[in-house]
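This is protein_5.txt (compact mmCIF, C-alpha atoms and all ligand atoms).
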# COMPACT_ATOMS: atom_id res chain seq x y z
CA MET A 1 84.00 -18.04 18.09
CA LYS A 2 83.88 -20.53 20.98
CA PRO A 3 85.94 -23.70 20.74
CA ASN A 4 83.97 -26.86 20.04
CA PRO A 5 86.32 -29.82 19.83
CA GLY A 6 84.48 -32.84 18.50
CA GLY A 7 81.05 -31.19 18.32
CA ILE A 8 78.93 -30.59 15.25
CA ILE A 9 80.05 -27.38 13.58
CA THR A 10 78.18 -25.52 10.86
CA GLY A 11 78.33 -22.35 8.79
CA GLU A 12 81.07 -19.86 9.69
CA ALA A 13 82.42 -22.19 12.35
CA ILE A 14 83.77 -24.47 9.63
CA VAL A 15 87.00 -22.68 8.90
CA ASP A 16 88.87 -22.86 5.60
CA ARG A 17 89.43 -26.25 3.88
CA ASP A 18 88.74 -24.28 0.71
CA GLN A 19 91.58 -25.92 -1.20
CA GLU A 20 90.43 -29.43 -0.34
CA ILE A 21 86.81 -28.60 -1.11
CA TYR A 22 87.79 -27.07 -4.43
CA SER A 23 89.65 -30.21 -5.44
CA ILE A 24 86.69 -32.41 -4.49
CA TRP A 25 84.26 -30.33 -6.59
CA LYS A 26 86.76 -30.46 -9.42
CA ALA A 27 87.14 -34.25 -9.22
CA LEU A 28 83.36 -34.64 -9.16
CA GLN A 29 83.14 -33.23 -12.64
CA ASN A 30 84.62 -36.48 -13.91
CA GLN A 31 84.22 -39.13 -11.26
CA SER A 32 82.96 -39.98 -7.81
CA VAL A 33 85.14 -39.47 -4.77
CA VAL A 34 86.31 -41.41 -1.72
CA LEU A 35 87.05 -38.97 1.11
CA THR A 36 89.15 -40.54 3.79
CA SER A 37 91.26 -39.75 6.83
CA GLU A 38 91.67 -40.78 10.43
CA ARG A 39 88.84 -39.94 12.79
CA ARG A 40 88.26 -36.29 13.70
CA VAL A 41 90.47 -34.82 11.04
CA GLY A 42 87.52 -32.89 9.64
CA LYS A 43 85.79 -34.98 6.94
CA THR A 44 82.23 -34.41 8.09
CA SER A 45 82.91 -30.70 8.42
CA VAL A 46 84.17 -30.66 4.83
CA LEU A 47 81.02 -32.47 3.68
CA ARG A 48 78.83 -30.09 5.63
CA LYS A 49 80.55 -27.05 4.13
CA MET A 50 79.99 -28.54 0.67
CA PHE A 51 76.37 -29.25 1.57
CA GLU A 52 75.89 -25.65 2.70
CA ASN A 53 77.63 -24.17 -0.36
CA PRO A 54 76.89 -26.37 -3.36
CA GLN A 55 78.78 -25.77 -6.61
CA ASN A 56 78.40 -26.60 -10.29
CA GLY A 57 74.66 -27.21 -10.04
CA TRP A 58 74.94 -30.15 -7.64
CA LEU A 59 72.19 -30.81 -5.13
CA PRO A 60 74.11 -32.41 -2.24
CA ILE A 61 72.40 -34.91 0.06
CA LEU A 62 74.35 -35.50 3.26
CA TYR A 63 73.56 -38.98 4.52
CA LEU A 64 75.01 -40.27 7.78
CA VAL A 65 74.71 -44.03 7.34
CA GLU A 66 76.41 -45.42 10.43
CA GLY A 67 73.22 -46.56 12.17
CA LYS A 68 72.19 -48.93 9.38
CA TYR A 69 72.49 -52.69 9.71
CA HIS A 70 70.85 -53.89 6.50
CA PRO A 71 70.64 -52.40 2.98
CA ILE A 72 66.89 -51.92 3.32
CA GLU A 73 67.53 -49.53 6.22
CA PHE A 74 69.91 -47.66 3.94
CA VAL A 75 67.23 -47.49 1.22
CA GLU A 76 64.59 -46.32 3.68
CA GLY A 77 66.84 -43.56 5.05
CA LEU A 78 67.71 -42.44 1.55
CA TYR A 79 64.05 -42.23 0.59
CA GLU A 80 63.32 -40.08 3.63
CA LEU A 81 66.24 -37.77 2.83
CA PHE A 82 65.08 -37.39 -0.76
CA LEU A 83 61.67 -36.34 0.52
CA GLU A 84 63.18 -34.03 3.13
CA ASN A 85 65.44 -32.34 0.57
CA ASP A 86 62.59 -31.99 -1.89
CA VAL A 87 64.48 -33.91 -4.52
CA LEU A 88 61.34 -35.30 -6.08
CA LYS A 89 58.43 -33.89 -4.11
CA GLY A 90 57.20 -37.42 -3.41
CA LYS A 91 56.75 -38.42 -7.04
CA PHE A 92 58.67 -41.66 -6.94
CA HIS A 93 56.86 -43.42 -9.80
CA LYS A 94 59.18 -46.37 -10.35
CA LEU A 95 59.83 -46.93 -6.67
CA LYS A 96 56.14 -46.80 -5.86
CA THR A 97 55.28 -49.22 -8.65
CA PHE A 98 57.59 -51.83 -7.18
CA TYR A 99 56.65 -51.05 -3.62
CA THR A 100 52.98 -51.51 -4.47
CA LYS A 101 53.75 -54.73 -6.30
CA TYR A 102 55.53 -56.21 -3.27
CA VAL A 103 53.06 -55.16 -0.57
CA GLY A 104 49.82 -54.70 -2.44
CA GLY A 105 49.14 -51.25 -0.95
CA GLU A 106 49.41 -47.81 -2.50
CA GLN A 107 51.36 -46.01 0.20
CA VAL A 108 55.07 -46.34 0.90
CA GLY A 109 54.85 -47.43 4.51
CA SER A 110 56.79 -50.02 6.45
CA TRP A 111 60.16 -51.02 5.06
CA LYS A 112 60.45 -53.88 7.52
CA LEU A 113 58.14 -56.30 5.74
CA PRO A 114 60.06 -59.38 4.58
CA GLN A 115 58.94 -58.97 0.96
CA ILE A 116 60.29 -55.39 1.00
CA LYS A 117 63.52 -56.33 2.69
CA GLU A 118 64.42 -59.05 0.24
CA ASN A 119 63.80 -56.72 -2.71
CA TRP A 120 66.03 -53.88 -1.46
CA LYS A 121 68.07 -53.98 -4.66
CA THR A 122 65.15 -53.34 -7.00
CA LEU A 123 63.82 -50.64 -4.71
CA LEU A 124 67.18 -48.87 -4.56
CA ASP A 125 67.60 -49.14 -8.31
CA SER A 126 64.16 -47.78 -9.06
CA MET A 127 64.55 -44.92 -6.60
CA ILE A 128 67.76 -43.87 -8.33
CA GLU A 129 66.04 -44.17 -11.72
CA ASP A 130 63.34 -41.84 -10.42
CA ILE A 131 66.04 -39.37 -9.39
CA ILE A 132 67.75 -39.57 -12.76
CA SER A 133 64.47 -38.76 -14.50
CA THR A 134 64.37 -35.30 -12.84
CA ASP A 135 66.30 -32.20 -13.86
CA LYS A 136 68.36 -32.40 -10.66
CA LYS A 137 72.01 -33.29 -10.34
CA VAL A 138 72.20 -35.18 -7.09
CA LEU A 139 75.38 -35.62 -5.09
CA LEU A 140 75.05 -38.42 -2.56
CA MET A 141 77.50 -37.90 0.27
CA LEU A 142 77.55 -41.11 2.30
CA ASP A 143 79.25 -40.35 5.59
CA LYS A 144 80.62 -43.27 7.66
CA LEU A 145 80.04 -45.71 4.84
CA PRO A 146 82.83 -48.12 5.91
CA LEU A 147 81.28 -48.34 9.36
CA MET A 148 77.92 -49.26 7.86
CA LEU A 149 79.60 -51.90 5.69
CA SER A 150 81.28 -53.41 8.71
CA HIS A 151 77.89 -53.47 10.47
CA PHE A 152 76.50 -55.30 7.45
CA ILE A 153 79.27 -57.87 7.63
CA LYS A 154 78.81 -58.50 11.34
CA SER A 155 75.05 -58.19 11.56
CA GLU A 156 73.03 -61.41 11.86
CA VAL A 157 70.26 -60.13 9.61
CA CYS A 158 72.76 -59.29 6.90
CA GLY A 159 76.25 -60.85 6.81
CA PRO A 160 79.16 -60.64 4.36
CA GLN A 161 77.23 -61.97 1.34
CA VAL A 162 74.65 -59.19 1.45
CA CYS A 163 77.41 -56.65 2.11
CA MET A 164 79.17 -57.73 -1.08
CA GLU A 165 75.88 -57.56 -2.99
CA PHE A 166 75.37 -54.06 -1.64
CA LEU A 167 78.82 -52.94 -2.79
CA ASP A 168 78.20 -54.47 -6.21
CA THR A 169 74.83 -52.78 -6.44
CA LEU A 170 76.35 -49.40 -5.64
CA ARG A 171 78.96 -50.05 -8.28
CA GLU A 172 76.33 -51.04 -10.86
CA ILE A 173 74.34 -47.93 -10.07
CA ARG A 174 77.47 -45.84 -10.50
CA ASN A 175 78.38 -47.52 -13.78
CA ARG A 176 74.90 -47.11 -15.16
CA PHE A 177 74.11 -43.60 -14.05
CA GLU A 178 77.29 -41.63 -13.51
CA PRO A 179 77.79 -41.15 -17.27
CA THR A 180 74.49 -39.21 -17.32
CA LYS A 181 76.28 -36.67 -15.01
CA LYS A 182 73.07 -36.52 -13.00
CA ILE A 183 74.34 -38.39 -10.01
CA GLY A 184 77.64 -38.45 -8.17
CA PHE A 185 78.89 -40.03 -4.95
CA ILE A 186 81.21 -39.23 -2.12
CA PHE A 187 82.07 -42.27 0.01
CA CYS A 188 83.34 -40.88 3.28
CA GLY A 189 84.73 -42.60 6.31
CA SER A 190 87.65 -43.06 8.57
CA ILE A 191 88.15 -46.80 8.87
CA GLY A 192 89.28 -46.87 5.31
CA ILE A 193 87.02 -48.67 2.92
CA HIS A 194 90.08 -50.50 1.57
CA LEU A 195 90.31 -52.46 4.84
CA ILE A 196 86.72 -53.64 4.47
CA ILE A 197 87.26 -54.68 0.87
CA LYS A 198 90.48 -56.44 1.84
CA ASP A 199 88.63 -58.34 4.55
CA LEU A 200 85.92 -59.39 2.10
CA LYS A 201 88.49 -60.52 -0.45
CA ARG A 202 90.56 -62.41 2.01
CA ASN A 203 87.86 -64.07 4.04
CA TYR A 204 84.85 -64.26 1.76
CA ALA A 205 86.28 -64.66 -1.74
CA TYR A 206 85.09 -61.27 -2.88
CA ASN A 207 86.55 -60.53 -6.28
CA ALA A 208 85.21 -57.14 -7.36
CA ASP A 209 86.80 -53.74 -7.02
CA PRO A 210 83.96 -51.44 -6.07
CA ILE A 211 85.96 -48.24 -5.76
CA ASN A 212 88.78 -48.57 -8.26
CA ASN A 213 87.38 -45.91 -10.59
CA MET A 214 86.83 -43.37 -7.82
CA LYS A 215 89.13 -40.49 -6.97
CA ILE A 216 90.65 -40.95 -3.51
CA VAL A 217 90.97 -37.70 -1.57
CA THR A 218 92.86 -37.95 1.70
CA LEU A 219 92.29 -35.27 4.31
CA SER A 220 95.14 -34.30 6.63
CA GLY A 221 95.95 -31.29 8.77
CA MET A 222 94.81 -27.90 7.50
CA ASN A 223 97.10 -25.81 5.37
CA PRO A 224 99.07 -23.25 7.45
CA SER A 225 96.86 -20.29 6.60
CA GLY A 226 93.69 -22.20 7.49
CA ALA A 227 95.13 -23.42 10.79
CA ARG A 228 96.20 -19.90 11.66
CA LEU A 229 92.79 -18.52 10.74
CA LEU A 230 91.24 -21.06 13.09
CA CYS A 231 93.51 -19.81 15.91
CA GLU A 232 92.47 -16.25 15.13
CA LYS A 233 88.78 -17.07 15.18
CA LEU A 234 89.08 -18.99 18.42
CA SER A 235 90.71 -16.02 20.14
CA GLU A 236 88.80 -13.13 18.55
CA ASP A 237 86.16 -12.77 21.27
CA GLU A 238 88.61 -13.27 24.13
CA ASN A 239 90.97 -11.08 26.04
CA TYR A 240 94.07 -13.15 25.49
CA GLN A 241 97.52 -11.66 25.86
CA PHE A 242 100.12 -13.26 23.68
CA ASP A 243 103.90 -12.98 24.03
CA ASP A 244 103.98 -12.69 20.25
CA LYS A 245 100.69 -13.54 18.61
CA GLY A 246 102.06 -14.65 15.23
CA LYS A 247 104.70 -16.84 16.83
CA ILE A 248 102.29 -18.40 19.32
CA TYR A 249 99.76 -19.22 16.62
CA GLU A 250 102.53 -20.83 14.64
CA TYR A 251 103.61 -22.76 17.70
CA ILE A 252 100.07 -24.01 18.35
CA CYS A 253 99.70 -25.06 14.72
CA LYS A 254 103.06 -26.86 14.74
CA SER A 255 102.30 -28.63 18.02
CA THR A 256 98.98 -29.89 16.66
CA ASP A 257 100.14 -30.79 13.13
CA ASN A 258 97.57 -28.22 11.90
CA LEU A 259 94.80 -30.61 12.92
CA PRO A 260 91.71 -28.53 13.68
CA PHE A 261 90.43 -30.96 16.33
CA TYR A 262 93.57 -30.42 18.44
CA ILE A 263 93.68 -26.68 17.79
CA GLN A 264 90.10 -26.58 19.11
CA HIS A 265 91.20 -28.60 22.14
CA VAL A 266 94.04 -26.23 22.95
CA PHE A 267 91.70 -23.23 22.94
CA ALA A 268 89.02 -25.13 24.85
CA LEU A 269 91.59 -25.84 27.58
CA ILE A 270 92.75 -22.22 27.61
CA ASN A 271 89.10 -21.32 28.15
CA ASP A 272 88.42 -23.96 30.80
CA LEU A 273 91.50 -23.06 32.78
CA GLN A 274 90.70 -19.36 32.41
CA LYS A 275 94.18 -18.56 31.21
CA ASN A 276 94.74 -15.31 29.42
CA LYS A 277 98.50 -15.08 29.19
CA ILE A 278 99.41 -17.35 26.35
CA ASN A 279 102.98 -18.39 25.70
CA GLU A 280 104.81 -21.44 24.37
CA LYS A 281 105.17 -22.92 27.84
CA LEU A 282 101.41 -22.89 28.36
CA VAL A 283 100.88 -24.49 24.94
CA ASP A 284 103.32 -27.27 25.89
CA GLU A 285 101.46 -27.84 29.15
CA LEU A 286 98.12 -28.08 27.40
CA ILE A 287 99.43 -30.52 24.82
CA ASP A 288 100.96 -32.60 27.64
CA TYR A 289 97.60 -32.55 29.36
CA LEU A 290 95.92 -33.93 26.23
CA LEU A 291 98.55 -36.65 25.86
CA ASN A 292 98.18 -37.61 29.53
CA ASP A 293 94.43 -37.40 29.76
CA PRO A 294 92.97 -40.64 31.16
CA LYS A 295 89.63 -39.76 29.58
CA ASP A 296 91.48 -39.54 26.25
CA GLU A 297 89.52 -36.57 24.98
CA GLY A 298 92.00 -36.36 22.14
CA PHE A 299 90.77 -39.79 21.01
CA PHE A 300 94.29 -41.09 20.52
CA ASN A 301 93.32 -44.61 21.56
CA HIS A 302 91.36 -44.83 18.37
CA TYR A 303 94.66 -45.29 16.53
CA ILE A 304 95.26 -48.49 18.49
CA ASP A 305 91.67 -49.73 18.39
CA ARG A 306 91.67 -49.36 14.65
CA ILE A 307 94.61 -51.74 14.33
CA LYS A 308 93.09 -54.20 16.78
CA THR A 309 89.72 -54.14 15.04
CA TYR A 310 90.56 -54.03 11.37
CA TYR A 311 94.01 -55.55 10.91
CA ASP A 312 94.36 -59.27 10.42
CA LYS A 313 95.30 -61.08 13.61
CA ASP A 314 98.74 -62.11 12.32
CA ILE A 315 99.86 -58.57 11.66
CA GLN A 316 98.34 -56.64 14.57
CA ASP A 317 101.28 -57.40 16.85
CA ILE A 318 103.80 -56.50 14.17
CA ALA A 319 102.04 -53.21 13.46
CA LEU A 320 101.96 -52.26 17.13
CA LEU A 321 105.57 -53.29 17.64
CA ILE A 322 106.71 -51.16 14.69
CA LEU A 323 104.84 -48.13 16.03
CA ASP A 324 106.08 -48.73 19.59
CA LYS A 325 109.64 -48.58 18.28
CA ALA A 326 109.06 -45.89 15.65
CA CYS A 327 107.90 -43.37 18.27
CA LYS A 328 111.41 -43.41 19.75
CA GLN A 329 113.21 -42.70 16.50
CA GLU A 330 114.58 -39.18 16.17
CA ASP A 331 114.07 -39.05 12.44
CA TYR A 332 113.13 -41.31 9.54
CA TRP A 333 113.61 -45.02 10.23
CA LYS A 334 115.17 -47.16 7.49
CA GLU A 335 113.09 -50.08 6.27
CA GLU A 336 115.95 -52.55 6.69
CA ASP A 337 116.34 -51.43 10.32
CA ILE A 338 112.62 -51.93 10.88
CA LEU A 339 112.88 -55.45 9.46
CA ASN A 340 115.83 -56.29 11.71
CA THR A 341 114.20 -54.83 14.79
CA VAL A 342 110.96 -56.75 14.30
CA LYS A 343 112.86 -60.00 13.60
CA SER A 344 114.80 -59.57 16.82
CA PHE A 345 111.48 -59.71 18.71
CA MET A 346 109.59 -62.41 16.81
CA GLU A 347 110.07 -65.16 14.31
CA ILE A 348 108.65 -63.72 11.16
CA ASP A 349 109.46 -63.46 7.46
CA ASP A 350 110.42 -60.23 5.70
CA GLU A 351 107.39 -60.32 3.43
CA THR A 352 104.86 -60.15 6.29
CA ILE A 353 106.73 -57.27 7.88
CA LYS A 354 106.84 -55.40 4.56
CA VAL A 355 103.10 -55.90 4.08
CA THR A 356 102.53 -54.48 7.57
CA ILE A 357 104.76 -51.46 6.95
CA ASN A 358 102.89 -50.83 3.74
CA LEU A 359 99.57 -50.97 5.51
CA LEU A 360 100.73 -48.53 8.21
CA TRP A 361 101.91 -46.25 5.46
CA SER A 362 98.70 -46.43 3.40
CA ASP A 363 96.70 -45.97 6.61
CA HIS A 364 98.51 -42.70 7.39
CA TYR A 365 100.23 -43.83 10.56
CA LEU A 366 103.54 -43.43 8.80
CA ILE A 367 104.89 -41.32 5.99
CA ARG A 368 107.86 -42.37 3.92
CA ILE A 369 110.71 -41.03 1.84
CA VAL A 370 112.75 -42.89 -0.74
CA LYS A 371 116.42 -42.05 -1.20
CA GLY A 372 118.59 -44.10 -3.56
CA TYR A 373 115.85 -46.77 -3.70
CA LYS A 374 115.94 -47.08 0.11
CA ARG A 375 112.66 -46.54 1.91
CA SER A 376 112.47 -44.87 5.33
CA TYR A 377 109.48 -44.12 7.52
CA LYS A 378 108.35 -41.93 10.38
CA PHE A 379 105.12 -41.05 12.17
CA LYS A 380 102.96 -38.80 10.01
CA TYR A 381 101.72 -36.75 12.94
CA LEU A 382 104.10 -35.44 15.55
CA ILE A 383 101.32 -35.21 18.12
CA LEU A 384 100.48 -38.90 17.66
CA LYS A 385 104.15 -39.80 17.89
CA LYS A 386 104.34 -37.97 21.22
CA TRP A 387 101.20 -39.66 22.45
CA TRP A 388 102.60 -43.04 21.46
CA LYS A 389 105.82 -42.30 23.29
CA VAL A 390 104.01 -41.16 26.44
CA ASN A 391 101.51 -44.01 26.47
CA ARG A 392 103.20 -47.00 24.83
CA GLY A 393 106.86 -46.26 24.21
N1 LIG A 401 87.24 -26.82 9.15
C1 LIG A 401 87.16 -26.85 10.49
N2 LIG A 401 87.06 -25.68 11.18
C2 LIG A 401 86.99 -25.71 12.54
N3 LIG A 401 87.03 -26.82 13.28
C3 LIG A 401 87.13 -28.01 12.64
C4 LIG A 401 87.20 -28.07 11.22
N4 LIG A 401 87.27 -29.37 10.87
C5 LIG A 401 87.27 -30.08 12.00
N5 LIG A 401 87.18 -29.28 13.08
C6 LIG A 401 87.17 -29.71 14.49
O1 LIG A 401 87.45 -31.09 14.54
C7 LIG A 401 86.32 -31.82 15.04
C8 LIG A 401 86.15 -33.10 14.25
O2 LIG A 401 85.78 -32.79 12.92
P1 LIG A 401 84.86 -33.75 12.04
O3 LIG A 401 84.55 -33.02 10.80
O4 LIG A 401 83.73 -34.29 12.83
O5 LIG A 401 85.92 -34.92 11.73
P2 LIG A 401 85.73 -36.34 11.05
O6 LIG A 401 84.43 -36.34 10.32
O7 LIG A 401 86.91 -36.51 10.16
O8 LIG A 401 85.74 -37.34 12.19
C9 LIG A 401 85.15 -30.86 14.94
O9 LIG A 401 84.20 -31.14 15.94
C10 LIG A 401 85.82 -29.52 15.15
O10 LIG A 401 86.04 -29.29 16.53
MG MG A 402 82.82 -37.61 10.64
Write out the structure in this file as structure tokens.
Amino acid sequence: MKPNPGGIITGEAIVDRDQEIYSIWKALQNQSVVLTSERRVGKTSVLRKMFENPQNGWLPILYLVEGKYHPIEFVEGLYELFLENDVLKGKFHKLKTFYTKYVGGEQVGSWKLPQIKENWKTLLDSMIEDIISTDKKVLLMLDKLPLMLSHFIKSEVCGPQVCMEFLDTLREIRNRFEPTKKIGFIFCGSIGIHLIIKDLKRNYAYNADPINNMKIVTLSGMNPSGARLLCEKLSEDENYQFDDKGKIYEYICKSTDNLPFYIQHVFALINDLQKNKINEKLVDELIDYLLNDPKDEGFFNHYIDRIKTYYDKDIQDIALLILDKACKQEDYWKEEDILNTVKSFMEIDDETIKVTINLLWSDHYLIRIVKGYKRSYKFKYLILKKWWKVNRG
């Protein structure tokens, strides 16, 4: 198998993740799921593998929603996917009744007409009712949902009010129809839907909790056997000579935190550089190359952009300062030392720093341990810690 870091992978190329996929199917028997992680950890690949191998009678619909700027565009895209996936063979009775009522014509045509746009809620509702009336069990996998929501908030044709209405509508649909066990949802995305909701609560007086009854599944690196299998597959068609194959695979997996995107990068570089003698020294060089790459093919800058884009202004600097210092710590860093360090650089109260630490922790920048009621933190991913040290430390 040829390496394909960052590309669309399908079928056999999606290696392992069986454990994670099993726990998502299991959760779906009782509730809908939020699938979250940083970018390029492998969420879409997990969704695609589920789409290709449905379980428990589900009919999965994989819907990439990032290009939508208003709920009506979401509704239109969903309608097209339902047709494409033969969910209802075009017999949308309820939807068509309303559509006809609003435009006067028989055919479902343009979704851009103002009278259609302003009635997106009824149209979405009636389309879901049509789906429920079939014998299908539809699993709606909404990939990049948080990105679409942030488009809604920023878009002139939409804005925060409509975004909140959209979230509430999704929640109503879930409350009404999930108990029938004929529809389920996976909300998937990397920004973290909690940041969007927090923004709406803080800045626009939003007071609902649209995901509190969903199961949150966080994706991280692969488990060791999956990561190793990926190494095997990426070298099977090649003539590589390893010092000690098992040890080198282990070394690659350790150096990449078992993240498939970086494992793919390592093998892509081996390929590009036409290396065939593979030892730990070469692996170190390739990782260094990724960390030093001005084109940032490892997409590490995303970890900074995310803070600058989605964190409140008053805590961005604190978050970056904490990470700039944390990358130099040998081991776990005590919370009280973090507080003191930050206060030595800026005038700030403990509470704000604690909120920031908590956010970095819930956003997977940091992991923590608690010993004797004392909290300590360190970078979750070693490869990100190294990148931080090389580029910002
Ligand atoms: N299960 C997997 N097997 C092989 N490669 C993977 C797997 N998951 C992710 N990758 C690699 O990581 C890249 C990013 O994965 P993707 O699923 O698009 O991540 P996300 O949706 O979280 O941003 C893929 O293009 C591929 O190179
Ligand atoms: Mg994705």
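Distances here use only C-alpha atoms and all ligand atoms; by that measure, the residue among A:Lys201, A:Lys121, A:Arg228, A:His194 closest to ligand LIG 401 (chain A) is A:Arg228.
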Edge lengths and centre, in Å to one decimal, as AutoDock Vina command-line options: that's what I need for the box along x, y and z that holds all listed atoms of region 339-354 of chain A plus 8 Å on each side.
--center_x 110.3 --center_y -60.0 --center_z 11.1 --size_x 27.0 --size_y 26.3 --size_z 31.3
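Among the candidates A:Ile369, A:Leu145, A:Ala227, A:Val162, the residue lying nearest to Asp257 (chain A) is A:Ala227 (atoms considered: only C-alpha atoms).
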How would you report the residues lying within 12 Å of ligand MG 402 (chain A), as a PyMOL selection string, if you count only C-alpha atoms and all ligand atoms? chain A and resi 6-9+35-48+62-66+141-147+187-191+219+261
Between A:Val34, A:Asn292, A:Tyr99, A:Ile348, which has the minimum distance to Asn212 (chain A) (counting all atoms listed in the file)? A:Val34
All residues 10 Å or closer to Tyr310 (chain A), all atoms listed in the file, same chain fewer than 4 positions away omitted, as a compact mmCIF listing (two decimals) with C-alpha atoms, keeping the file's coordinate frame:
# COMPACT_ATOMS: atom_id res chain seq x y z
CA SER A 150 81.28 -53.41 8.71
CA ILE A 191 88.15 -46.80 8.87
CA GLY A 192 89.28 -46.87 5.31
CA LEU A 195 90.31 -52.46 4.84
CA ILE A 196 86.72 -53.64 4.47
CA LYS A 198 90.48 -56.44 1.84
CA ASP A 199 88.63 -58.34 4.55
CA ASP A 305 91.67 -49.73 18.39
CA ARG A 306 91.67 -49.36 14.65
CA GLN A 316 98.34 -56.64 14.57
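Using all atoms listed in the file, the nearest neighbour of Leu123 (chain A) within the list A:Gln107, A:Ser255, A:Thr100, A:Asn358 is A:Thr100.
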Please provide the set of residues having any atom within 9 Å of region 266-269 of chain A, restricted to all atoms listed in the file, with same-chain residues fewer than 3 positions apart removed, written as a ChimeraX atom specification. /A:2-5,231,234-235,252,256,261-263,272-275,283,286-287,290
What does the file look like for those residues with C-alpha atoms, as a compact mmCIF listing (two decimals), in the frame of the given file?
# COMPACT_ATOMS: atom_id res chain seq x y z
CA LYS A 2 83.88 -20.53 20.98
CA PRO A 3 85.94 -23.70 20.74
CA ASN A 4 83.97 -26.86 20.04
CA PRO A 5 86.32 -29.82 19.83
CA CYS A 231 93.51 -19.81 15.91
CA LEU A 234 89.08 -18.99 18.42
CA SER A 235 90.71 -16.02 20.14
CA ILE A 252 100.07 -24.01 18.35
CA THR A 256 98.98 -29.89 16.66
CA PHE A 261 90.43 -30.96 16.33
CA TYR A 262 93.57 -30.42 18.44
CA ILE A 263 93.68 -26.68 17.79
CA ASP A 272 88.42 -23.96 30.80
CA LEU A 273 91.50 -23.06 32.78
CA GLN A 274 90.70 -19.36 32.41
CA LYS A 275 94.18 -18.56 31.21
CA VAL A 283 100.88 -24.49 24.94
CA LEU A 286 98.12 -28.08 27.40
CA ILE A 287 99.43 -30.52 24.82
CA LEU A 290 95.92 -33.93 26.23
Need the shell around Asp337 (chain A): protein/DNA/RNA residues with any atom at most 12 Å away, counting all atoms listed in the file. Skip same-chain ones fewer than 3 positions apart. Format as an MDAnalysis selection string? chainID A and resid 322 325:326 329 332:334 340:344 350 353:354 374:377
